[in-house]
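Notes for the one structure printed next.
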Amino acid sequence: MSAAKRNSYFDNAKFILIYLVVLGHLISPFKAEDNFLFTLYTVIFLFHMPAFILISGYFSKAYRKKGHISKSFKKILVPYFIFQCIYSVYYYYTGEESHLTVNFLKPHWTLWFLLSLFFWNLLLHLFARFHFFGLAAAAALGIGIGYWDEDGSFLSLSRTFVFFPYFLLGFLLEGRHLQKIRNIPYAPAAGILILCAITLATGQFFPKDAVPWLLGDTSYAGMGMEYWFSGLIRLAQYAVTLLVILGFFLLIPSKGYKWTKIGERTLYVYLLHGFIIKTIETAASPNVLDWLADNYLLLIVFSLGICLFLGSYYIRKFTRPIIELRL
């Protein structure tokens, strides 16, 4: 693919993925009581962050360039520190936390991604040189970390190792690999078939107490699965997730659209949407929340509205100093 088409392709993918992030977080409080929303939630969380992480890895090929680590610190860790402080204040004033404390070692909610992203860029220096042997080692670590029964949220260590194989795979992928994917006969039909099959299987067989497997922040023991074969379950999860990501990529158009531009601003949506969703959860009455949970179309449209709003030019203009550290 040409550079322009490749950028449009990934921006389209990132826009859809950030939309799924918002939708997944919006429906999360309602999933336990609604089978449809639970199935939708599990399918979304099965692949949306792994796909995001894979794309991030694809665009990290300059990791060996001079100043890359300092650039990563500025672009990733500094916004993490800023928003960790903001979320700490927000949680205190909304009553979610009784004391105002700022702990940089345990990221709030969605901020784990920034912390892990910084570590993934560092891990490339160790694993990338070994190519697909490094990928096998990364997968082994992702499986092995589940046997470590410690607090997985500390420094986002559990998620860092669980999701690192997707980041490394993205790094190892080249344009020719993407072209082969795009050239699969009847690609859109194959993508639809894969996603529909996984959705049906998830709706039928995915246990409601297995959601922590999708989040990657809990040990096997913490999920009540302290068995020798638990690692095989995660290995199977890797395989299924990659299949879903393939189906997703088969459906992404290469043409640019008006909303494609928001694919360049996904960090803004990612960092800011939590304030909207958490405010709804804490401020809305139970009756309003029940009404919202029963209106699937409203959930879908409202999530889209959040993405379009937070990905707009004006939101970027006014929040750029704290997100990109640029005026």
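Each chain of the structure tokens is named A, B, ... in the order shown, its residues numbered from 1; ligands are numbered from 1 in display order.
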Checklist entry - Do you know which residues are at most 10 Å from Ile252 (chain A) counting only C-alpha atoms, after dropping those on the same chain fewer than 6 positions away, and could you put them as an NGL selection string? => result :A and (8-14 or 16 or 182 or 187-188 or 191)
Take the residues that were just selected and, keeping C-alpha atoms, output them as a compact mmCIF listing (two decimals), in the first residue's frame.
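Produced file result.txt, reproduced below:
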```txt
# COMPACT_ATOMS: atom_id res chain seq x y z
CA SER A 8 -5.68 6.19 6.10
CA TYR A 9 -5.98 2.46 6.71
CA PHE A 10 -4.47 2.67 10.18
CA ASP A 11 -6.30 5.90 11.03
CA ASN A 12 -9.59 4.22 10.08
CA ALA A 13 -8.66 1.25 12.25
CA LYS A 14 -7.69 3.48 15.17
CA ILE A 16 -13.01 2.29 15.07
CA ARG A 182 -5.60 -7.07 2.15
CA ALA A 187 -11.46 -10.25 2.52
CA PRO A 188 -14.52 -8.35 3.83
CA GLY A 191 -13.70 -10.69 8.16
```
May I have a table of the residues of region 213-302 of chain A lying at most 10 Å from region 28-49 of chain A, giving each one's closest pair of atoms and their distance in Å to one decimal, counting only C-alpha atoms, ordered by chain and ascending residue number, as CSV?
```
residue,atom,partner,partner_atom,distance
A:Trp213,CA,A:Leu46,CA,9.0
A:Leu214,CA,A:Leu46,CA,5.7
A:Leu215,CA,A:Phe45,CA,7.4
A:Gln237,CA,A:Leu46,CA,8.4
A:Tyr238,CA,A:Leu46,CA,9.5
A:Val240,CA,A:Leu46,CA,8.5
A:Thr241,CA,A:Phe47,CA,5.5
A:Leu242,CA,A:Phe47,CA,7.7
A:Leu243,CA,A:Phe47,CA,9.2
A:Val244,CA,A:Phe47,CA,6.5
A:Ile245,CA,A:Phe47,CA,6.2
A:Leu246,CA,A:Phe47,CA,9.9
A:Phe248,CA,A:Phe47,CA,8.9
A:Glu281,CA,A:Pro29,CA,8.1
A:Leu289,CA,A:Phe30,CA,8.5
A:Asp290,CA,A:Phe30,CA,8.3
A:Leu292,CA,A:Phe30,CA,9.1
A:Ala293,CA,A:Phe30,CA,6.0
A:Asp294,CA,A:Asp34,CA,8.9
A:Tyr296,CA,A:Leu37,CA,8.5
```
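Taking CA of Thr260 (chain A) and CA of Gly311 (chain A) as endpoints, the distance between them is 10.4 Å.
Between CA of Gly263 (chain A) and CA of Tyr58 (chain A) there is a distance of 15.2 Å.
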Quiz prompt | All alpha helix (DSSP H) positions in region 92-175 of chain A, as a PyMOL selection string | solution = chain A and resi 92-93+112-127+131-144+157-172+175
Long-range neighbours of Pro79 (chain A) as a short mmCIF file (atom, residue, chain, number, x, y, z; two decimals) with C-alpha atoms, in the first residue's frame, 10 Å cut-off, only C-alpha atoms, 5 positions minimum in chain:
```
data_model
loop_
_atom_site.label_atom_id
_atom_site.label_comp_id
_atom_site.auth_asym_id
_atom_site.auth_seq_id
_atom_site.Cartn_x
_atom_site.Cartn_y
_atom_site.Cartn_z
CA PHE A 73 9.45 9.80 28.10
CA LYS A 74 8.10 13.17 26.99
CA GLN A 84 -2.52 10.45 37.09
CA CYS A 85 -2.65 13.67 39.12
CA LEU A 111 -3.78 5.11 32.26
CA LEU A 114 0.58 4.80 28.82
CA LEU A 115 2.76 3.20 31.45
CA LEU A 271 -7.41 10.17 27.97
CA PRO A 321 -0.67 21.56 26.15
CA ILE A 322 -1.30 18.78 28.68
CA ILE A 323 -1.53 15.86 26.23
CA GLU A 324 1.16 16.65 23.67
CA LEU A 325 2.91 19.30 25.80
#
```
Separating CA of Leu168 (chain A) from CA of Phe59 (chain A), to the nearest tenth of an Å, is a gap of 10.8 Å
Practice problem: Can you pull out every residue within 9 Å of region 60-69 of chain A, counting only C-alpha atoms, but drop anything in the same chain fewer than 6 positions away, and send it as a PyMOL selection string? | Solution: chain A and resi 118+121-122+124-125+167+170-172
Could you save the residues just selected, with N, CA and C atoms, as an mmCIF file, in the first residue's frame?
```cif
data_model
loop_
_atom_site.group_PDB
_atom_site.id
_atom_site.type_symbol
_atom_site.label_atom_id
_atom_site.label_comp_id
_atom_site.auth_asym_id
_atom_site.auth_seq_id
_atom_site.Cartn_x
_atom_site.Cartn_y
_atom_site.Cartn_z
ATOM 1 N N PHE A 118 5.256 2.797 27.472
ATOM 2 C CA PHE A 118 6.635 3.205 27.699
ATOM 3 C C PHE A 118 7.531 1.982 27.913
ATOM 4 N N ASN A 121 8.247 0.045 24.659
ATOM 5 C CA ASN A 121 9.291 0.658 23.849
ATOM 6 C C ASN A 121 10.680 0.312 24.376
ATOM 7 N N LEU A 122 10.804 0.178 25.694
ATOM 8 C CA LEU A 122 12.087 -0.241 26.275
ATOM 9 C C LEU A 122 12.362 -1.718 25.986
ATOM 10 N N LEU A 124 11.576 -3.439 23.512
ATOM 11 C CA LEU A 124 11.978 -3.676 22.128
ATOM 12 C C LEU A 124 13.490 -3.828 22.004
ATOM 13 N N HIS A 125 14.231 -3.078 22.799
ATOM 14 C CA HIS A 125 15.688 -3.141 22.731
ATOM 15 C C HIS A 125 16.203 -4.537 23.082
ATOM 16 N N PHE A 167 2.349 -6.070 20.844
ATOM 17 C CA PHE A 167 3.183 -4.924 20.488
ATOM 18 C C PHE A 167 4.379 -5.385 19.657
ATOM 19 N N GLY A 170 3.321 -6.419 16.181
ATOM 20 C CA GLY A 170 3.113 -5.239 15.347
ATOM 21 C C GLY A 170 4.420 -4.663 14.854
ATOM 22 N N PHE A 171 5.410 -4.640 15.720
ATOM 23 C CA PHE A 171 6.727 -4.147 15.322
ATOM 24 C C PHE A 171 7.324 -5.006 14.209
ATOM 25 N N LEU A 172 7.146 -6.311 14.300
ATOM 26 C CA LEU A 172 7.728 -7.229 13.330
ATOM 27 C C LEU A 172 6.994 -7.227 11.993
#
```
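Using only C-alpha atoms for every distance, the candidate list A:Tyr268, A:Gln204, A:Thr160, A:Phe302 yields A:Tyr268 as the residue closest to Arg316 (chain A).
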Sorted by chain and rising residue number, which residues of region 111-229 of chain A lie within 12 Å of region 96-107 of chain A, and what are their closest atom pairs and distances in Å to one decimal, counting only C-alpha atoms, as a Markdown table?
```
| residue | atom | partner | partner_atom | distance |
| --- | --- | --- | --- | --- |
| A:Leu111 | CA | A:Pro107 | CA | 5.4 |
| A:Trp112 | CA | A:Pro107 | CA | 5.3 |
| A:Phe113 | CA | A:Pro107 | CA | 8.8 |
| A:Leu114 | CA | A:Pro107 | CA | 8.9 |
| A:Leu115 | CA | A:Pro107 | CA | 7.6 |
| A:Ser116 | CA | A:Pro107 | CA | 10.0 |
| A:Asp151 | CA | A:Lys106 | CA | 9.7 |
| A:Gly152 | CA | A:Lys106 | CA | 9.3 |
| A:Ser153 | CA | A:Lys106 | CA | 5.8 |
| A:Phe154 | CA | A:Lys106 | CA | 5.0 |
| A:Leu155 | CA | A:Leu105 | CA | 4.9 |
| A:Ser156 | CA | A:Lys106 | CA | 6.9 |
| A:Leu157 | CA | A:Lys106 | CA | 9.8 |
| A:Ser158 | CA | A:Lys106 | CA | 11.7 |
| A:Arg159 | CA | A:Pro107 | CA | 11.5 |
| A:Asp217 | CA | A:Lys106 | CA | 11.6 |
```
Write the residues of the preceding selection, restricted to C-alpha atoms, as a JSON list (two decimals), in the first residue's frame.
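And here is the file that came out, again_24.json:
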```json
[["chain", "number", "residue", "atom", "x", "y", "z"],
["A", 111, "LEU", "CA", -3.78, 5.11, 32.26],
["A", 112, "TRP", "CA", -2.17, 1.66, 32.46],
["A", 113, "PHE", "CA", -1.81, 1.84, 28.68],
["A", 114, "LEU", "CA", 0.58, 4.80, 28.82],
["A", 115, "LEU", "CA", 2.76, 3.20, 31.45],
["A", 116, "SER", "CA", 2.87, -0.11, 29.61],
["A", 151, "ASP", "CA", -0.70, -7.20, 42.58],
["A", 152, "GLY", "CA", -0.89, -6.97, 38.81],
["A", 153, "SER", "CA", -1.73, -3.27, 38.83],
["A", 154, "PHE", "CA", 1.64, -2.30, 40.36],
["A", 155, "LEU", "CA", 3.46, -0.43, 37.59],
["A", 156, "SER", "CA", 1.01, -2.18, 35.23],
["A", 157, "LEU", "CA", 3.47, -5.08, 35.19],
["A", 158, "SER", "CA", 0.94, -7.81, 34.50],
["A", 159, "ARG", "CA", -0.61, -6.03, 31.54],
["A", 217, "ASP", "CA", -4.20, -7.50, 35.18]]
```
>> Just want the 12 Å neighbourhood of Leu126 (chain A), counted on only C-alpha atoms, with same-chain residues fewer than 6 positions away dropped. Output as a PyMOL selection string.
In response: chain A and resi 63-64+119-120+133-135+137-138+168
Just write the chosen residues, all heavy atoms, as a PDB file, in the first residue's frame.
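Output contents, as saved in selection.pdb:
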```
ATOM      1  N   TYR A  63      12.740   2.749  17.140  1.00  0.00           N
ATOM      2  CA  TYR A  63      13.129   2.690  18.551  1.00  0.00           C
ATOM      3  C   TYR A  63      14.627   2.799  18.755  1.00  0.00           C
ATOM      4  O   TYR A  63      15.095   3.142  19.838  1.00  0.00           O
ATOM      5  CB  TYR A  63      12.608   1.392  19.178  1.00  0.00           C
ATOM      6  CG  TYR A  63      13.411   0.160  18.848  1.00  0.00           C
ATOM      7  CD1 TYR A  63      14.329  -0.364  19.757  1.00  0.00           C
ATOM      8  CD2 TYR A  63      13.274  -0.486  17.627  1.00  0.00           C
ATOM      9  CE1 TYR A  63      15.074  -1.497  19.462  1.00  0.00           C
ATOM     10  CE2 TYR A  63      14.010  -1.611  17.321  1.00  0.00           C
ATOM     11  CZ  TYR A  63      14.907  -2.117  18.237  1.00  0.00           C
ATOM     12  OH  TYR A  63      15.640  -3.236  17.932  1.00  0.00           O
ATOM     13  N   ARG A  64      15.426   2.513  17.714  1.00  0.00           N
ATOM     14  CA  ARG A  64      16.876   2.567  17.862  1.00  0.00           C
ATOM     15  C   ARG A  64      17.442   3.958  17.566  1.00  0.00           C
ATOM     16  O   ARG A  64      18.631   4.195  17.795  1.00  0.00           O
ATOM     17  CB  ARG A  64      17.538   1.553  16.916  1.00  0.00           C
ATOM     18  CG  ARG A  64      17.380   0.101  17.359  1.00  0.00           C
ATOM     19  CD  ARG A  64      18.125  -0.819  16.415  1.00  0.00           C
ATOM     20  NE  ARG A  64      18.054  -2.209  16.852  1.00  0.00           N
ATOM     21  CZ  ARG A  64      18.555  -3.223  16.171  1.00  0.00           C
ATOM     22  NH1 ARG A  64      19.163  -3.004  15.015  1.00  0.00           N
ATOM     23  NH2 ARG A  64      18.444  -4.450  16.626  1.00  0.00           N
ATOM     24  N   PHE A 119       7.058   1.033  28.712  1.00  0.00           N
ATOM     25  CA  PHE A 119       7.847  -0.176  28.961  1.00  0.00           C
ATOM     26  C   PHE A 119       8.003  -1.005  27.687  1.00  0.00           C
ATOM     27  O   PHE A 119       9.068  -1.604  27.459  1.00  0.00           O
ATOM     28  CB  PHE A 119       7.202  -1.016  30.063  1.00  0.00           C
ATOM     29  CG  PHE A 119       7.305  -0.407  31.429  1.00  0.00           C
ATOM     30  CD1 PHE A 119       6.241  -0.462  32.322  1.00  0.00           C
ATOM     31  CD2 PHE A 119       8.476   0.208  31.842  1.00  0.00           C
ATOM     32  CE1 PHE A 119       6.342   0.094  33.586  1.00  0.00           C
ATOM     33  CE2 PHE A 119       8.590   0.765  33.114  1.00  0.00           C
ATOM     34  CZ  PHE A 119       7.517   0.711  33.982  1.00  0.00           C
ATOM     35  N   TRP A 120       6.959  -1.068  26.871  1.00  0.00           N
ATOM     36  CA  TRP A 120       7.050  -1.836  25.621  1.00  0.00           C
ATOM     37  C   TRP A 120       8.136  -1.266  24.713  1.00  0.00           C
ATOM     38  O   TRP A 120       8.856  -2.028  24.069  1.00  0.00           O
ATOM     39  CB  TRP A 120       5.714  -1.844  24.896  1.00  0.00           C
ATOM     40  CG  TRP A 120       4.636  -2.590  25.607  1.00  0.00           C
ATOM     41  CD1 TRP A 120       4.795  -3.701  26.396  1.00  0.00           C
ATOM     42  CD2 TRP A 120       3.242  -2.285  25.622  1.00  0.00           C
ATOM     43  NE1 TRP A 120       3.571  -4.105  26.892  1.00  0.00           N
ATOM     44  CE2 TRP A 120       2.604  -3.257  26.438  1.00  0.00           C
ATOM     45  CE3 TRP A 120       2.451  -1.295  25.026  1.00  0.00           C
ATOM     46  CZ2 TRP A 120       1.239  -3.259  26.651  1.00  0.00           C
ATOM     47  CZ3 TRP A 120       1.090  -1.302  25.240  1.00  0.00           C
ATOM     48  CH2 TRP A 120       0.485  -2.268  26.057  1.00  0.00           C
ATOM     49  N   PHE A 133      11.795 -15.361  17.243  1.00  0.00           N
ATOM     50  CA  PHE A 133      12.208 -16.070  18.461  1.00  0.00           C
ATOM     51  C   PHE A 133      11.935 -15.178  19.685  1.00  0.00           C
ATOM     52  O   PHE A 133      11.546 -15.660  20.743  1.00  0.00           O
ATOM     53  CB  PHE A 133      13.690 -16.437  18.385  1.00  0.00           C
ATOM     54  CG  PHE A 133      13.998 -17.479  17.349  1.00  0.00           C
ATOM     55  CD1 PHE A 133      14.599 -17.133  16.154  1.00  0.00           C
ATOM     56  CD2 PHE A 133      13.663 -18.808  17.573  1.00  0.00           C
ATOM     57  CE1 PHE A 133      14.894 -18.094  15.195  1.00  0.00           C
ATOM     58  CE2 PHE A 133      13.944 -19.783  16.621  1.00  0.00           C
ATOM     59  CZ  PHE A 133      14.558 -19.421  15.426  1.00  0.00           C
ATOM     60  N   GLY A 134      12.155 -13.887  19.507  1.00  0.00           N
ATOM     61  CA  GLY A 134      11.814 -12.938  20.564  1.00  0.00           C
ATOM     62  C   GLY A 134      10.322 -12.905  20.826  1.00  0.00           C
ATOM     63  O   GLY A 134       9.885 -12.772  21.979  1.00  0.00           O
ATOM     64  N   LEU A 135       9.536 -13.047  19.750  1.00  0.00           N
ATOM     65  CA  LEU A 135       8.080 -13.080  19.910  1.00  0.00           C
ATOM     66  C   LEU A 135       7.652 -14.298  20.719  1.00  0.00           C
ATOM     67  O   LEU A 135       6.771 -14.199  21.585  1.00  0.00           O
ATOM     68  CB  LEU A 135       7.415 -13.086  18.531  1.00  0.00           C
ATOM     69  CG  LEU A 135       5.882 -13.098  18.513  1.00  0.00           C
ATOM     70  CD1 LEU A 135       5.326 -11.853  19.189  1.00  0.00           C
ATOM     71  CD2 LEU A 135       5.375 -13.195  17.076  1.00  0.00           C
ATOM     72  N   ALA A 137       9.460 -15.795  22.939  1.00  0.00           N
ATOM     73  CA  ALA A 137       9.864 -15.533  24.323  1.00  0.00           C
ATOM     74  C   ALA A 137       8.898 -14.562  24.998  1.00  0.00           C
ATOM     75  O   ALA A 137       8.561 -14.726  26.182  1.00  0.00           O
ATOM     76  CB  ALA A 137      11.281 -14.971  24.351  1.00  0.00           C
ATOM     77  N   ALA A 138       8.439 -13.552  24.257  1.00  0.00           N
ATOM     78  CA  ALA A 138       7.489 -12.588  24.810  1.00  0.00           C
ATOM     79  C   ALA A 138       6.173 -13.271  25.163  1.00  0.00           C
ATOM     80  O   ALA A 138       5.563 -12.993  26.210  1.00  0.00           O
ATOM     81  CB  ALA A 138       7.250 -11.459  23.807  1.00  0.00           C
ATOM     82  N   LEU A 168       5.025  -6.452  20.091  1.00  0.00           N
ATOM     83  CA  LEU A 168       6.193  -6.958  19.372  1.00  0.00           C
ATOM     84  C   LEU A 168       5.799  -7.501  18.007  1.00  0.00           C
ATOM     85  O   LEU A 168       6.526  -7.307  17.022  1.00  0.00           O
ATOM     86  CB  LEU A 168       6.878  -8.041  20.208  1.00  0.00           C
ATOM     87  CG  LEU A 168       8.176  -8.619  19.641  1.00  0.00           C
ATOM     88  CD1 LEU A 168       9.198  -7.519  19.389  1.00  0.00           C
ATOM     89  CD2 LEU A 168       8.742  -9.674  20.586  1.00  0.00           C
TER      90      LEU A 168
END
```
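Among the candidates A:Lys75, A:Arg176, A:Lys278, A:Arg234, the one nearest to Ala140 (chain A) when counting only C-alpha atoms is A:Arg234.
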